[in-house]
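*Asks:* Before we start, here is the structure in question, set down as structure tokens.
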There are 2 protein chains.
Amino acid sequence: MHFLLESLLLISIIIVASKAAGVLSNKIGQPAVFGELLVGLLLGPSLLGLMGFFPSPEVAHAGEEFLELLIKDLAKIGVIFLMFLAGLETELDEMKRVGVAAFNGALGGVFLPFFFGFGLSMAFGIEFWHSMFIGTILTATSVSISAQTLMELGQLRSKEGTTILGAAVIDDVMGIIILSLVVALSTQAGGDAGGSMLAGIGIIVLKMVLFFAIAILLGAFLFERIASWLENIPGSEILLAFGIVIALVFSWAAESLGGVADITGAYIAGLMFAQTRFKHFFEGKFKTIAYGLFVPIFFVSIGLQANIWDLSGSLAFTALIVVGAIVTKVIGSGLGCWLSKFKPMEAIRVGTGMISRGEVALIIANIGLARGVIDSGIFSIMVIMTLVTTLVTPILLRFLFPRQAEPVEADAT
Amino acid sequence: MHFLLESLLLISIIIVASKAAGVLSNKIGQPAVFGELLVGLLLGPSLLGLMGFFPSPEVAHAGEEFLELLIKDLAKIGVIFLMFLAGLETELDEMKRVGVAAFNGALGGVFLPFFFGFGLSMAFGIEFWHSMFIGTILTATSVSISAQTLMELGQLRSKEGTTILGAAVIDDVMGIIILSLVVALSTQAGGDAGGSMLAGIGIIVLKMVLFFAIAILLGAFLFERIASWLENIPGSEILLAFGIVIALVFSWAAESLGGVADITGAYIAGLMFAQTRFKHFFEGKFKTIAYGLFVPIFFVSIGLQANIWDLSGSLAFTALIVVGAIVTKVIGSGLGCWLSKFKPMEAIRVGTGMISRGEVALIIANIGLARGVIDSGIFSIMVIMTLVTTLVTPILLRFLFPRQAEPVEADAT
């Protein structure tokens, strides 16, 4: 028995549930990611059991194990495609343009949540590297929700709107760097039984820097050339296959060779393709594959792994993390902007626009869970934190901004 | 250990090998499918072992098992997308237009190879239903290779070219019907320990007819409506997700509820979408996903399952099957055309254009292997038969047709 037939139905159910929840979520004025995540949490833990696929317990065990691994694998590919797209959509020019305020806003919005998450976790007796990872998750920002809300309010092209979009890009890059450092160093610390810690860290950092250098050089010198050459070869989707292979190989290499998280590799691959004339080609094709098939599976796979009904007495910690995640992002990003001569109200608006953690926090938390740097209890708390921050962002933004007509189309990042 | 990281590299290697082989195959004047299949045969059996992924034998065992199932599952999705595309590209109007000659050509080209394959297998002492299945595999036709060759020769729009394209479509439909019958009846025969065989067959046929009726009714009445409704809902790739879900659910239902092969469901789903105004939308999107990612994996997965170096003494059978597959297609299709008042040479040309079994035979053989209706030895012979028929078709066509300029673009089916 190969469970292949069952997998077809399982994937179908996941896609339908995820897409339906996203659409319903939009209808009640919430971002699609909110509904997709929620349906994942509701469906997730019971999905495999409820389907009644399997005639006997033995078959059920082997079948569920394979189907769970399959879903995780497809979800992993989905995350890689998402981060490749994030890289493709990163406008390096935009980063330069929005300037000092966005940079400072991002800086404050990364470091204050990081130190808060780290400190609070340490205070609750969580291990050093686990605490570092919780801090890392809190640095995430996903502004697609803010961008949509600001567009509705006609404020996307305002001073605050532009700063939010710019700061989010810089936040992504800073987040990737922090994640890379924490993943690399925590792996080293975990395997190191005393001894030459410092030499070990030196090697880790060297590997990381080498990986980044080689990845960027390969991207800069070869991507455009190879793609231009493949473009003219007759065959089916050869250029797209090249992009897919690069996204997958860079992800594999990031973790296997560079010692950083796999998504870092996908992000860099996307970032380097964004500098070529194939940016829009890959954006279109990857969006088709990612959103049509793999990304819905990612959201439900989060639900497979989280169990928000069993927080086992850590309610105080959960509440503090959630409130702290909101407050430190507003204050951190706000402070950065205020120091860049924004008015207090403007600074608060930018900070509020950065609150939502969205899929970025989930992707990072997922990596932590897979590596054992956070456990499933912490993972569930991070999922709740993501849900709440995603929920409050549009509400707070609507409260803080005046509604204003602005017939400008804008693309969310 | 989840083997997820390893799977990324494995998928990448498969895609690169498959695409590179397809391109090289084109360069030496052979169809892409020939190279893709050949590289699958070369890579397949040793791929997982050679990669040196796994540090210890125990991990290697669990890892290889999961990776093999994963590759099979992705290949299965690839086949479903291929058959959905085949359905989408079936022109029912074209079938009517090419008329009697194409119909008779298809009929002869289906039944003569079927009875030859069945009879030869029985003569070699192979079980009844296994022999039926070998006959079924021989009915397949894949004219993409002939279409490409005829295009080069400037003969695609000739009397013979049009007849070949039309007959191939009718051949597909007849093949699906025979496959459905054989799968349904052999399952019944396998589970039946004497007794009410006839009543059993009645139920099987009823289930099959019910499945076809319901699938066609659902397709005719709901596909266009639901797609038109989804088209206007804001969200990412919602319409595509609908198509994917329909392809997967129809495949699942065909096998689980209708008792026929899963690909039959995918083919009918595609055929029904072909009658809607979304035909071209789905063609574009499914080609992207199928050829960019899943189809290359299918060809290599064939190689994972076949071992053409171990034919264990059945050389005579192999040789007869291969020669017979070629001869009976030429004679069967040729006879059908000749009876429809084609000249002998014209009839032979049409028959020759139908020789290549291509991916269609592989898909059917794969189903037989998964169901245990053929064993891995027969499977390997079918792979060789596919390789040889695919190889000789363009050579024979170039020999039979005069080269002639014809600056007409044509799409291969």
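So you can find residues: chains in the structure tokens are A, B, ... in the order shown, residues in each start at 1, and ligands are numbered from 1 in order.
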With only C-alpha atoms considered, list every residue of chain A at most 7 Å from chain B, as a list in words.
*Replies:* Leu4, Leu5, Leu8, Leu9, Ser12, Ile15, Lys19, Val23, Leu70, Asp73, Gly235, Ser236, Glu237, Ile238, Leu240, Ala241, Val245, Leu248, Val249, Trp252, Thr288, Ile289, Tyr291, Gly292 and Leu293 of chain A
*Asks:* So that I have them on file, write out the residues from the current selection with C-alpha atoms, as a CSV table (one decimal), in the first residue's frame.
*Replies:*
chain,number,residue,atom,x,y,z
A,4,LEU,CA,-0.5,7.7,-3.0
A,5,LEU,CA,-4.2,7.8,-3.7
A,8,LEU,CA,-4.4,13.2,-3.6
A,9,LEU,CA,-7.6,13.6,-1.5
A,12,SER,CA,-7.3,18.6,-2.2
A,15,ILE,CA,-6.2,23.4,-0.7
A,19,LYS,CA,-8.4,29.0,-0.1
A,23,VAL,CA,-11.5,34.3,0.9
A,70,LEU,CA,4.8,14.3,2.6
A,73,ASP,CA,7.9,18.2,2.5
A,235,GLY,CA,11.8,22.7,-24.7
A,236,SER,CA,9.1,22.9,-22.1
A,237,GLU,CA,9.6,25.3,-19.2
A,238,ILE,CA,13.4,24.9,-19.2
A,240,LEU,CA,11.4,27.9,-15.1
A,241,ALA,CA,13.0,24.6,-14.2
A,245,VAL,CA,16.5,24.1,-9.3
A,248,LEU,CA,16.1,24.4,-4.2
A,249,VAL,CA,19.9,24.0,-4.5
A,252,TRP,CA,20.0,23.0,0.4
A,288,THR,CA,1.4,30.4,-10.0
A,289,ILE,CA,3.1,27.3,-8.5
A,291,TYR,CA,0.0,30.1,-4.4
A,292,GLY,CA,-1.9,27.5,-6.5
A,293,LEU,CA,-0.5,24.4,-4.8
*Asks:* Mind checking which residues fall within 8 Å of stretch 385-388 of chain B, counting only C-alpha atoms, ignoring those fewer than 6 positions away in the same chain, and posting them as a PyMOL selection string?
*Replies:* chain B and resi 34+37-38+318+321-322+325+356-359+361-362
*Asks:* Give me, as a ChimeraX atom specification, the residues of stretch 309-350 of chain A that a backbone DSSP run labels alpha helix (DSSP H).
*Replies:* /A:315-339,344-350
*Asks:* If you count only C-alpha atoms, which residues fall within 6 Å of stretch 210-226 of chain A, apart from same-chain ones fewer than 2 positions away, as a list in words?
*Replies:*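 Within the cut-off, the hits are Leu206, Lys207, Met208, Ser228, Trp229, Gly258, Met272 and Thr276 of chain A.
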*Asks:* Can you measure atom CA of A:Gln30 to atom CA of A:Thr149 for me? One decimal in Å is fine.
*Replies:* 9.3 Å
*Asks:* Just the residues within 8 Å of B:Ala140, please, counting only C-alpha atoms, with nothing from its chain fewer than 4 positions along; format it as a list of chain:residue names.
*Replies:*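 Close residues of B:Ala140: B:Val110, B:Thr136, B:Asp171, B:Asp172, B:Gly175, B:Arg357, B:Val360, B:Ala361.
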*Asks:* Write a file of the selected residues as a CSV table (one decimal), in the first residue's frame, keeping C-alpha atoms.
*Replies:*
chain,number,residue,atom,x,y,z
B,110,VAL,CA,-6.0,-0.3,-30.9
B,136,THR,CA,-3.8,-2.7,-23.0
B,171,ASP,CA,-7.0,6.2,-29.9
B,172,ASP,CA,-6.6,8.0,-26.5
B,175,GLY,CA,-7.4,3.4,-24.8
B,357,ARG,CA,3.9,4.7,-27.5
B,360,VAL,CA,1.1,7.1,-22.5
B,361,ALA,CA,2.3,3.5,-22.4
